[in-house]
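Undergrad: Here you go, upload.txt (compact mmCIF, C-alpha atoms):
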```txt
# COMPACT_ATOMS: atom_id res chain seq x y z
CA MET J 207 -49.74 33.64 -36.16
CA SER J 208 -46.88 31.17 -35.82
CA THR J 209 -43.21 32.00 -36.20
CA THR J 210 -40.11 29.98 -36.95
CA ASP J 211 -37.81 32.34 -35.04
CA HIS J 212 -36.55 30.41 -32.03
CA SER J 213 -33.68 32.77 -31.21
CA PRO J 214 -33.34 34.15 -27.66
CA PRO J 215 -35.36 37.31 -26.94
CA LEU J 216 -32.38 39.65 -26.53
CA THR J 217 -30.62 38.59 -29.72
CA ALA J 218 -29.14 41.72 -31.40
CA ILE J 219 -28.96 43.59 -28.09
CA THR J 220 -25.42 44.65 -27.12
CA VAL J 221 -24.58 45.24 -23.47
CA ILE J 222 -21.43 46.92 -22.19
CA ASP J 223 -20.62 45.47 -18.78
CA LEU J 224 -18.50 47.62 -16.49
CA GLY J 225 -19.55 45.49 -13.54
CA ARG J 226 -17.28 44.10 -10.87
CA VAL J 227 -17.59 41.12 -8.51
CA LEU J 228 -21.26 40.08 -8.37
CA SER J 229 -24.27 42.41 -8.58
CA ALA J 230 -23.79 43.95 -12.04
CA PRO J 231 -22.00 40.88 -13.48
CA PHE J 232 -24.96 38.76 -12.35
CA ALA J 233 -27.36 41.18 -14.03
CA THR J 234 -25.45 40.99 -17.31
CA SER J 235 -25.16 37.21 -16.96
CA VAL J 236 -28.96 37.04 -16.90
CA LEU J 237 -29.07 39.26 -20.00
CA ALA J 238 -26.50 37.02 -21.71
CA SER J 239 -28.57 33.95 -20.93
CA LEU J 240 -31.46 35.70 -22.70
CA GLY J 241 -29.35 36.17 -25.82
CA ALA J 242 -27.68 39.56 -25.38
CA ARG J 243 -24.12 40.09 -26.51
CA VAL J 244 -22.22 41.17 -23.38
CA ILE J 245 -18.86 42.89 -23.73
CA LYS J 246 -17.09 43.08 -20.39
CA VAL J 247 -14.86 46.14 -20.03
CA GLU J 248 -12.18 45.49 -17.42
CA ARG J 249 -9.17 47.21 -15.90
CA PRO J 250 -5.91 46.48 -17.74
CA GLY J 251 -3.68 44.00 -15.94
CA ILE J 252 -6.16 43.37 -13.12
CA GLY J 253 -9.61 42.88 -14.55
CA ASP J 254 -12.69 42.25 -12.48
CA ASP J 255 -11.82 41.98 -8.78
CA SER J 256 -13.45 38.56 -8.65
CA ARG J 257 -10.76 37.09 -10.91
CA ALA J 258 -8.69 36.99 -7.72
CA PHE J 259 -11.42 35.30 -5.65
CA GLY J 260 -11.06 31.61 -4.85
CA PRO J 261 -11.44 28.82 -5.29
CA HIS J 262 -9.10 28.67 -8.28
CA LEU J 263 -8.52 25.76 -10.63
CA ASN J 264 -5.46 25.89 -12.89
CA GLY J 265 -5.18 29.60 -12.20
CA LYS J 266 -8.78 30.50 -13.06
CA SER J 267 -11.35 31.68 -10.54
CA LEU J 268 -14.42 29.49 -10.26
CA TYR J 269 -16.20 32.43 -8.61
CA PHE J 270 -15.54 34.60 -11.66
CA THR J 271 -16.58 31.79 -13.99
CA SER J 272 -19.94 31.36 -12.25
CA VAL J 273 -21.31 34.75 -13.34
CA ASN J 274 -19.29 35.62 -16.44
CA CYS J 275 -20.00 32.86 -18.94
CA ASP J 276 -21.08 33.86 -22.46
CA LYS J 277 -19.28 37.21 -22.26
CA GLU J 278 -16.41 38.85 -24.14
CA SER J 279 -13.59 40.78 -22.46
CA ILE J 280 -11.65 43.87 -23.43
CA ALA J 281 -9.31 45.74 -21.08
CA LEU J 282 -9.64 49.53 -21.15
CA ASP J 283 -8.33 52.30 -18.90
CA LEU J 284 -11.02 54.98 -18.87
CA LYS J 285 -8.40 57.57 -17.89
CA ASN J 286 -6.40 56.86 -21.07
CA LEU J 287 -7.32 58.95 -24.12
CA ASP J 288 -7.01 56.14 -26.68
CA ASP J 289 -8.92 53.71 -24.49
CA ARG J 290 -11.65 56.30 -23.96
CA LYS J 291 -12.01 56.56 -27.74
CA THR J 292 -12.42 52.78 -27.91
CA PHE J 293 -14.96 52.87 -25.07
CA GLU J 294 -16.94 55.57 -26.84
CA ALA J 295 -16.86 53.58 -30.05
CA LEU J 296 -18.37 50.70 -28.07
CA LEU J 297 -21.09 53.03 -26.80
CA ASP J 298 -21.84 53.91 -30.43
CA VAL J 299 -22.97 50.32 -30.98
CA ALA J 300 -24.31 49.54 -27.53
CA ASP J 301 -27.91 49.28 -26.42
CA VAL J 302 -27.18 49.01 -22.71
CA LEU J 303 -24.44 50.04 -20.27
CA VAL J 304 -24.39 48.45 -16.81
CA GLU J 305 -22.06 49.32 -13.92
CA ASN J 306 -21.90 48.96 -10.15
CA PHE J 307 -19.45 51.68 -9.14
CA SER J 308 -20.08 54.14 -6.34
CA PRO J 309 -22.53 56.80 -7.62
CA THR J 310 -19.93 59.49 -8.49
CA VAL J 311 -17.37 57.31 -10.28
CA MET J 312 -18.89 57.53 -13.76
CA GLU J 313 -19.30 61.30 -13.43
CA ASN J 314 -15.62 61.53 -12.50
CA PHE J 315 -14.76 59.59 -15.67
CA GLY J 316 -16.88 62.06 -17.65
CA TYR J 317 -19.60 59.49 -18.37
CA GLY J 318 -22.40 60.53 -16.07
CA TRP J 319 -26.02 60.04 -17.12
CA GLU J 320 -26.56 63.55 -18.48
CA THR J 321 -23.44 63.32 -20.64
CA LEU J 322 -24.25 59.83 -21.89
CA HIS J 323 -27.88 60.63 -22.64
CA ALA J 324 -27.00 63.77 -24.58
CA ARG J 325 -24.57 61.93 -26.85
CA TRP J 326 -26.22 58.49 -27.00
CA PRO J 327 -29.94 59.17 -26.48
CA ARG J 328 -30.97 55.55 -27.18
CA LEU J 329 -28.54 54.13 -24.63
CA ILE J 330 -30.05 52.46 -21.58
CA TYR J 331 -27.81 53.10 -18.58
CA GLY J 332 -28.08 50.77 -15.57
CA ALA J 333 -26.38 52.08 -12.44
CA LEU J 334 -26.28 49.66 -9.51
CA SER J 335 -24.93 50.64 -6.10
CA GLY J 336 -25.43 49.98 -2.41
CA PHE J 337 -27.79 52.87 -1.78
CA GLY J 338 -28.62 54.38 -5.16
CA LYS J 339 -28.07 57.91 -6.47
CA THR J 340 -30.21 59.68 -3.87
CA GLY J 341 -30.54 59.74 -0.09
CA PRO J 342 -28.07 60.43 2.72
CA LEU J 343 -26.29 57.07 2.39
CA SER J 344 -25.81 57.37 -1.37
CA PRO J 345 -22.02 58.02 -1.31
CA LEU J 346 -21.22 55.07 0.95
CA PRO J 347 -19.80 51.77 -0.32
CA SER J 348 -21.69 48.55 0.29
CA TYR J 349 -21.44 44.80 0.06
CA ASP J 350 -24.03 42.04 0.21
CA ILE J 351 -23.77 41.68 3.99
CA ILE J 352 -24.35 45.42 4.47
CA ALA J 353 -27.59 45.27 2.49
CA GLN J 354 -28.72 42.16 4.35
CA ALA J 355 -27.98 43.82 7.69
CA LEU J 356 -29.55 47.23 7.10
CA SER J 357 -32.65 45.88 5.36
CA GLY J 358 -33.68 43.71 8.29
CA MET J 359 -33.14 40.54 6.28
CA MET J 360 -30.54 39.26 8.74
CA SER J 361 -32.89 39.88 11.66
CA LEU J 362 -35.31 37.39 10.08
CA THR J 363 -32.66 34.77 9.31
CA GLY J 364 -31.44 32.15 11.76
CA HIS J 365 -32.91 30.93 15.05
CA PRO J 366 -34.41 32.92 17.93
CA HIS J 367 -31.90 34.04 20.58
CA SER J 368 -28.96 33.04 18.36
CA PRO J 369 -26.37 35.31 16.74
CA PRO J 370 -27.40 36.98 13.44
CA VAL J 371 -27.10 34.81 10.35
CA ARG J 372 -26.35 35.86 6.79
CA VAL J 373 -28.39 34.15 4.08
CA GLY J 374 -26.15 31.47 2.55
CA ALA J 375 -26.11 32.99 -0.95
CA SER J 376 -25.21 36.64 -1.54
CA ILE J 377 -28.80 37.71 -2.05
CA GLY J 378 -27.95 41.38 -1.45
CA ASP J 379 -26.04 41.30 -4.73
CA LEU J 380 -28.10 38.69 -6.56
CA VAL J 381 -31.51 40.24 -5.94
CA ALA J 382 -30.21 43.65 -7.02
CA GLY J 383 -28.76 42.08 -10.18
CA LEU J 384 -32.08 40.40 -10.91
CA TYR J 385 -33.98 43.69 -10.53
CA MET J 386 -31.42 45.35 -12.80
CA ALA J 387 -31.98 42.72 -15.49
CA LEU J 388 -35.73 43.25 -15.17
CA GLY J 389 -35.25 47.00 -15.38
CA VAL J 390 -33.10 46.67 -18.50
CA THR J 391 -35.57 44.44 -20.33
CA SER J 392 -38.40 46.79 -19.37
CA ALA J 393 -36.41 49.80 -20.63
CA ILE J 394 -35.71 48.02 -23.93
CA HIS J 395 -39.45 47.46 -24.33
CA LYS J 396 -40.21 51.12 -23.59
CA ARG J 397 -37.52 52.28 -26.02
CA THR J 398 -39.37 50.56 -28.86
CA ARG J 399 -42.20 53.04 -28.20
CA THR J 400 -40.28 56.20 -27.34
CA GLY J 401 -36.97 55.80 -29.16
CA GLU J 402 -35.15 56.94 -26.03
CA GLY J 403 -33.02 55.24 -23.44
CA CYS J 404 -33.23 55.92 -19.71
CA LEU J 405 -31.32 55.76 -16.46
CA ILE J 406 -32.04 52.73 -14.26
CA ASP J 407 -31.01 53.48 -10.68
CA ILE J 408 -30.89 50.28 -8.60
CA ALA J 409 -29.91 50.19 -4.92
CA MET J 410 -29.03 46.96 -3.13
CA LEU J 411 -30.77 48.15 0.02
CA ASP J 412 -33.98 48.95 -1.90
CA CYS J 413 -34.01 45.49 -3.44
CA GLN J 414 -33.53 43.71 -0.12
CA ILE J 415 -36.44 45.68 1.34
CA ALA J 416 -38.57 44.71 -1.66
CA PHE J 417 -37.78 41.05 -0.89
CA LEU J 418 -38.98 41.14 2.72
CA GLU J 419 -42.30 39.51 1.86
CA ALA J 420 -44.95 40.49 4.44
CA ALA J 421 -42.54 41.72 7.15
CA VAL J 422 -42.93 45.43 6.36
CA THR J 423 -46.71 45.27 6.02
CA THR J 424 -47.02 43.25 9.22
CA PHE J 425 -44.95 45.72 11.23
CA THR J 426 -46.57 48.89 9.89
CA ALA J 427 -50.07 47.48 10.49
CA THR J 428 -49.52 45.86 13.90
CA ASN J 429 -46.39 47.52 15.32
CA VAL J 430 -45.09 44.00 16.05
CA VAL J 431 -41.47 43.61 14.96
CA PRO J 432 -40.94 40.35 13.00
CA ALA J 433 -38.06 38.25 14.27
CA ALA J 434 -36.02 35.19 13.31
CA ARG J 435 -37.98 31.93 13.46
CA GLY J 436 -35.47 29.37 12.24
CA THR J 437 -37.12 27.40 9.45
CA ARG J 438 -40.64 28.27 10.61
CA HIS J 439 -43.04 30.40 8.57
CA PRO J 440 -44.50 33.44 10.37
CA SER J 441 -48.07 32.73 9.19
CA ILE J 442 -48.35 28.99 8.45
CA ALA J 443 -47.87 25.92 10.65
CA PRO J 444 -46.47 23.34 10.37
CA PHE J 445 -44.15 24.86 7.79
CA GLN J 446 -40.59 24.08 8.91
CA ALA J 447 -37.77 21.56 9.21
CA PHE J 448 -37.99 18.39 11.29
CA LEU J 449 -35.29 15.85 12.16
CA CYS J 450 -36.23 12.31 11.20
CA ALA J 451 -34.39 9.18 12.28
CA ASP J 452 -31.57 9.82 9.80
CA ARG J 453 -31.76 13.35 8.37
CA TRP J 454 -33.69 16.61 8.19
CA ILE J 455 -36.77 17.18 6.07
CA VAL J 456 -39.12 20.11 5.59
CA ILE J 457 -42.89 19.83 5.72
CA ALA J 458 -45.20 22.55 4.39
CA ALA J 459 -48.76 21.82 5.47
CA GLY J 460 -50.11 25.06 4.07
CA ASN J 461 -53.76 24.68 5.10
CA ASP J 462 -56.08 22.72 7.41
CA VAL J 463 -56.77 20.01 4.82
CA LEU J 464 -53.05 19.33 4.37
CA PHE J 465 -52.55 19.31 8.14
CA SER J 466 -55.30 16.72 8.49
CA SER J 467 -53.60 14.57 5.84
CA LEU J 468 -50.29 14.94 7.66
CA CYS J 469 -51.89 13.80 10.91
CA ASP J 470 -53.37 10.74 9.21
CA VAL J 471 -50.02 9.76 7.67
CA ILE J 472 -48.11 10.02 10.94
CA GLY J 473 -50.74 7.90 12.69
CA HIS J 474 -52.21 10.61 14.91
CA PRO J 475 -55.45 11.80 13.28
CA GLU J 476 -56.60 13.19 16.63
CA LEU J 477 -54.12 16.06 16.30
CA ALA J 478 -56.16 17.50 13.43
CA THR J 479 -59.13 18.11 15.71
CA HIS J 480 -57.21 18.91 18.89
CA PRO J 481 -58.43 22.22 20.37
CA ASN J 482 -54.92 23.65 20.12
CA PHE J 483 -54.29 22.60 16.52
CA SER J 484 -57.63 22.49 14.67
CA THR J 485 -56.99 25.70 12.71
CA ASN J 486 -53.91 27.34 11.29
CA ALA J 487 -54.30 30.32 13.61
CA LYS J 488 -54.35 28.00 16.64
CA ARG J 489 -51.33 26.11 15.37
CA ILE J 490 -49.38 29.35 15.01
CA ALA J 491 -50.34 30.35 18.56
CA MET J 492 -49.25 26.94 19.89
CA ILE J 493 -46.32 26.40 17.54
CA ASP J 494 -43.87 25.24 20.21
CA GLU J 495 -46.25 22.58 21.48
CA LEU J 496 -47.02 21.46 17.91
CA ASP J 497 -43.30 21.33 17.15
CA ARG J 498 -42.68 19.05 20.13
CA GLU J 499 -45.50 16.69 19.15
CA LEU J 500 -44.42 16.35 15.53
CA THR J 501 -40.71 16.12 16.32
CA LEU J 502 -41.20 13.10 18.59
CA ILE J 503 -43.31 11.31 15.97
CA LEU J 504 -41.18 12.11 12.92
CA ALA J 505 -37.99 10.97 14.68
CA THR J 506 -39.28 7.38 14.65
CA ARG J 507 -38.82 6.78 10.90
CA SER J 508 -36.36 7.61 8.16
CA ALA J 509 -36.74 10.76 6.09
CA GLN J 510 -37.43 8.82 2.90
CA GLU J 511 -40.20 6.80 4.55
CA TRP J 512 -41.96 9.97 5.63
CA ILE J 513 -41.39 11.67 2.27
CA ASP J 514 -42.87 8.70 0.40
CA ARG J 515 -45.93 8.56 2.65
CA LEU J 516 -46.55 12.30 2.72
CA THR J 517 -46.03 12.72 -1.01
CA GLN J 518 -48.58 9.98 -1.67
CA VAL J 519 -51.33 12.05 0.01
CA GLY J 520 -50.21 15.37 -1.44
CA VAL J 521 -48.48 16.96 1.54
CA PRO J 522 -45.54 19.08 0.27
CA CYS J 523 -42.28 17.88 1.80
CA ALA J 524 -38.63 17.41 0.90
CA ALA J 525 -35.26 16.38 2.23
CA ILE J 526 -32.87 19.22 3.01
CA GLN J 527 -30.26 18.48 0.38
CA SER J 528 -26.61 19.32 0.03
CA ILE J 529 -25.33 20.82 -3.22
CA ASP J 530 -24.01 17.48 -4.50
CA GLU J 531 -27.44 15.90 -3.99
CA MET J 532 -29.18 18.77 -5.75
CA VAL J 533 -26.87 18.58 -8.76
CA ALA J 534 -27.70 14.88 -9.22
CA MET J 535 -31.48 15.31 -9.01
CA PRO J 536 -33.38 13.95 -12.04
CA GLN J 537 -35.67 17.00 -11.85
CA VAL J 538 -32.71 19.39 -12.06
CA ILE J 539 -31.22 17.40 -14.94
CA ALA J 540 -34.56 17.28 -16.78
CA ARG J 541 -34.87 21.08 -16.52
CA GLU J 542 -31.27 21.55 -17.76
CA MET J 543 -30.42 23.63 -14.71
CA ILE J 544 -26.83 22.38 -14.49
CA VAL J 545 -25.11 22.90 -17.84
CA PRO J 546 -21.54 22.27 -19.01
CA VAL J 547 -18.92 24.86 -19.87
CA ASP J 548 -15.80 23.88 -21.79
CA ASP J 549 -12.76 25.90 -20.77
CA PRO J 550 -9.08 25.27 -21.59
CA ALA J 551 -8.09 26.02 -17.99
CA LEU J 552 -10.95 24.25 -16.25
CA GLY J 553 -11.74 21.43 -18.63
CA THR J 554 -15.46 20.75 -18.56
CA THR J 555 -17.05 22.39 -15.57
CA HIS J 556 -20.68 23.20 -14.86
CA VAL J 557 -22.72 26.30 -14.03
CA PRO J 558 -26.41 26.95 -13.37
CA GLY J 559 -28.58 26.93 -16.47
CA ASN J 560 -31.20 29.48 -17.48
CA PRO J 561 -34.31 29.21 -15.30
CA ILE J 562 -36.39 31.21 -17.81
CA LYS J 563 -37.97 28.63 -20.11
CA MET J 564 -39.72 30.04 -23.18
CA SER J 565 -41.69 28.05 -25.75
CA SER J 566 -40.43 30.28 -28.55
CA VAL J 567 -36.74 29.84 -27.71
CA THR J 568 -34.59 26.82 -28.44
CA PRO J 569 -33.11 25.83 -25.06
CA ARG J 570 -29.34 25.86 -24.71
CA THR J 571 -27.67 22.79 -23.28
CA SER J 572 -24.32 24.48 -22.59
CA ARG J 573 -22.80 27.91 -22.03
CA GLY J 574 -19.76 29.67 -23.44
CA ARG J 575 -16.78 29.96 -21.13
CA ALA J 576 -15.99 33.00 -19.05
CA PRO J 577 -13.40 35.05 -20.97
CA ASP J 578 -9.78 35.52 -20.05
CA LEU J 579 -8.84 39.12 -19.38
CA ASP J 580 -8.72 41.08 -22.66
CA GLN J 581 -9.34 37.87 -24.60
CA ASN J 582 -11.54 39.48 -27.25
CA ARG J 583 -9.61 42.70 -27.82
CA LEU J 584 -8.51 42.04 -31.40
CA GLY J 585 -11.94 40.90 -32.53
CA ILE J 586 -13.74 43.83 -30.92
CA LEU J 587 -11.27 46.41 -32.22
CA GLY J 588 -11.54 44.87 -35.68
CA GLU J 589 -15.32 45.16 -35.63
CA LEU J 590 -15.14 48.79 -34.55
CA ALA J 591 -12.59 49.60 -37.24
CA ASN J 592 -14.75 47.96 -39.93
CA ARG J 593 -17.76 49.89 -38.74
CA LYS J 594 -15.82 53.16 -38.86
CA THR J 595 -14.60 52.38 -42.37
CA LYS J 596 -18.10 51.59 -43.60
CA GLY J 597 -19.40 54.76 -41.98
CA LYS J 598 -16.91 56.83 -43.94
CA GLY J 599 -17.86 55.02 -47.11
```
If you convert what's in this file into structure tokens, what do you get?

TA:
Amino acid sequence: MSTTDHSPPLTAITVIDLGRVLSAPFATSVLASLGARVIKVERPGIGDDSRAFGPHLNGKSLYFTSVNCDKESIALDLKNLDDRKTFEALLDVADVLVENFSPTVMENFGYGWETLHARWPRLIYGALSGFGKTGPLSPLPSYDIIAQALSGMMSLTGHPHSPPVRVGASIGDLVAGLYMALGVTSAIHKRTRTGEGCLIDIAMLDCQIAFLEAAVTTFTATNVVPAARGTRHPSIAPFQAFLCADRWIVIAAGNDVLFSSLCDVIGHPELATHPNFSTNAKRIAMIDELDRELTLILATRSAQEWIDRLTQVGVPCAAIQSIDEMVAMPQVIAREMIVPVDDPALGTTHVPGNPIKMSSVTPRTSRGRAPDLDQNRLGILGELANRKTKGKG
């Protein structure tokens, strides 16, 4: 059966965002991109900590803008009686509440899970913290780099025998935010069956561990501790970066057939049948020798020459691009992954688009600007007052 409804999937869902800095604001940004109405509740006079993070343009944080588009802002002090009444009126209309305080903060405000669930049984409450609500580390604060360090992620990042390296993006926060968004959408689906909300307890450390790919399974099965390999893959070779005559590229010859094609393109078909390289397992065992062979050959031509030749025979490869090169890519433009935001302070700037493409949803070609602190107070208070008046009627 066909439908003419092309609205986003979370249309009519209202999310109260108590998040600060990145993890919870990223989660609610994902929900906003899926159509949810997100009302950001911030501290009076200060707002989200990330409003102070640089770089700034005309007084507005580009960091804050990156994860707070399409939201509304109201400033409330949860220790103030009148503001608490406003907050509770928001909870009356909310479907979801998301925060990333330390685990006891909401209880101290009088809005712990048991209290919230008793009064607003349909409310879905997403609590995101460094270590979750249980376990010996639960009370401790955390940041992205803490999660990357404790999870083992940093031990896998960088080059052997070099100092530890943090992943370039704050994946400790971002991955946790993504899991929170998934948890919220799953809880909304379950609520349609049960009529009840639930507590979603997300820990940054848990999420980093969940993102370790095969490292945990490999260690527990073999007792071999995975270590940093630079750009190399632990199980596939060649699957890494190589320096050409002018710049770096990556080549991912994921099986023996692709390796044979690679050898033909670079003019050394004999490597495909060499006793040290004829299978993937042998190539992994002799990875340093293979690296030396390929590095010498690939350094003789430009990156684009190799990319053109390898792409023609189906060997996955790519230049290692800078952000400015990525933004200009026809593929990125075609997928509407860099979209404009009009803002009085910033003019027209750009943020990442929505990577979730759905045939039943009309794609958006822009996003609403990140709100100024308390920007939407009058409108939100007016809506709540009208609702209260109608309720009395």

Undergrad: Set the distance at 9 Å and use only C-alpha atoms: which residues neighbour Gly265 of chain J once local chain neighbours fewer than 2 positions away are removed? I'd like the list as a PyMOL selection string.

TA: chain J and resi 262-263+267+551-552

Undergrad: Pick out the residues sitting within 12 Å of segment 556-572 of chain J, and hand them over as a PyMOL selection string; count all atoms listed in the file, and ignore anything fewer than 2 positions along from it in its own chain.

TA: chain J and resi 208-217+232+235-241+268-276+529+532-533+538-549+552-554+574-576

Undergrad: Which value, in Å to one decimal, gives the distance between atom CA of Asp350 of chain J and atom CA of Ala409 of chain J?

TA: 11.3 Å

Undergrad: I want to know what sits within 7 Å of segment 508-516 of chain J, based on all atoms listed in the file, with residues of the same chain fewer than 4 positions away left out; could you give that as a VMD selection string?

TA: chain J and resid 450 to 455 468 471 520 to 521 523 to 525

Undergrad: Figure out the distance between atom CA of Ser308 of chain J and atom CA of Tyr331 of chain J, please, to one decimal in Å.

TA: 14.5 Å

Undergrad: So, counting only C-alpha atoms, which residue among J:Ala218, J:Leu282, J:Ala230, J:Ala355 is closest to Tyr385 of chain J?

TA: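 Among J:Ala218, J:Leu282, J:Ala230, J:Ala355, it is J:Ala230 that comes nearest to Tyr385 of chain J.
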
Undergrad: May I have the residues within 12 Å of Met492 of chain J as a ChimeraX atom specification, using only C-alpha atoms and disregarding those fewer than 6 positions away in the same chain?

TA: /J:442-444,480-486,498-499

Undergrad: Work out how far atom CA of Ile490 of chain J is from atom CA of Pro440 of chain J, in Å to one decimal.

TA: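 So the two atoms, atom CA of Pro440 of chain J and atom CA of Ile490 of chain J, lie 7.9 Å apart.
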
Undergrad: Please return as a ChimeraX atom specification every residue within 6 Å of (-17.2, 41.4, -23.5), taking into account all atoms listed in the file and the file's own coordinates.

TA: /J:244-246,277-279

Undergrad: Please produce an output containing C-alpha atoms for each residue in the selection, written as a PDB file, keeping the file's coordinate frame.

TA:
```pdb
ATOM      1  CA  VAL J 244     -22.220  41.170 -23.380  1.00  0.00           C
ATOM      2  CA  ILE J 245     -18.860  42.890 -23.730  1.00  0.00           C
ATOM      3  CA  LYS J 246     -17.090  43.080 -20.390  1.00  0.00           C
ATOM      4  CA  LYS J 277     -19.280  37.210 -22.260  1.00  0.00           C
ATOM      5  CA  GLU J 278     -16.410  38.850 -24.140  1.00  0.00           C
ATOM      6  CA  SER J 279     -13.590  40.780 -22.460  1.00  0.00           C
TER       7      SER J 279
END
```

Undergrad: Residues around (-30.1, 39.4, 7.6), cut-off 12 Å, counting only C-alpha atoms - what are they as a PyMOL selection string?

TA: chain J and resi 350-365+369-378+411+414-415+417-418+433-434

Undergrad: Tell me which protein, DNA and RNA residues are within 9 Å of Ile406 of chain J, counting only C-alpha atoms, leaving out same-chain ones fewer than 4 positions away, and put them as a PDB file with C-alpha atoms, keeping the file's coordinate frame.

TA:
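Writing the result to selection.pdb gives the following:
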```pdb
ATOM      1  CA  ILE J 330     -30.050  52.460 -21.580  1.00  0.00           C
ATOM      2  CA  TYR J 331     -27.810  53.100 -18.580  1.00  0.00           C
ATOM      3  CA  GLY J 332     -28.080  50.770 -15.570  1.00  0.00           C
ATOM      4  CA  ALA J 333     -26.380  52.080 -12.440  1.00  0.00           C
ATOM      5  CA  LEU J 334     -26.280  49.660  -9.510  1.00  0.00           C
ATOM      6  CA  MET J 386     -31.420  45.350 -12.800  1.00  0.00           C
ATOM      7  CA  GLY J 389     -35.250  47.000 -15.380  1.00  0.00           C
ATOM      8  CA  VAL J 390     -33.100  46.670 -18.500  1.00  0.00           C
ATOM      9  CA  ALA J 393     -36.410  49.800 -20.630  1.00  0.00           C
TER      10      ALA J 393
END
```

Undergrad: Measuring atom to atom with all atoms listed in the file, identify which of J:Ala242, J:Ala281, J:Val299, J:Leu449 is nearest to Asn582 of chain J.

TA: J:Ala281

Undergrad: Which residue is closest to Ile408 of chain J? Choose from J:Pro250, J:Gly316, J:Pro309, J:Pro366 and count all atoms listed in the file.

TA: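 For Ile408 of chain J, the nearest of the candidates is J:Pro309.
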
Undergrad: Which of these, J:Arg328, J:Gly341, J:Phe425, J:Ile493, has the shortest distance to Gly403 of chain J once you count all atoms listed in the file?

TA: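 Checking each candidate against Gly403 of chain J, we get J:Arg328 as the closest.
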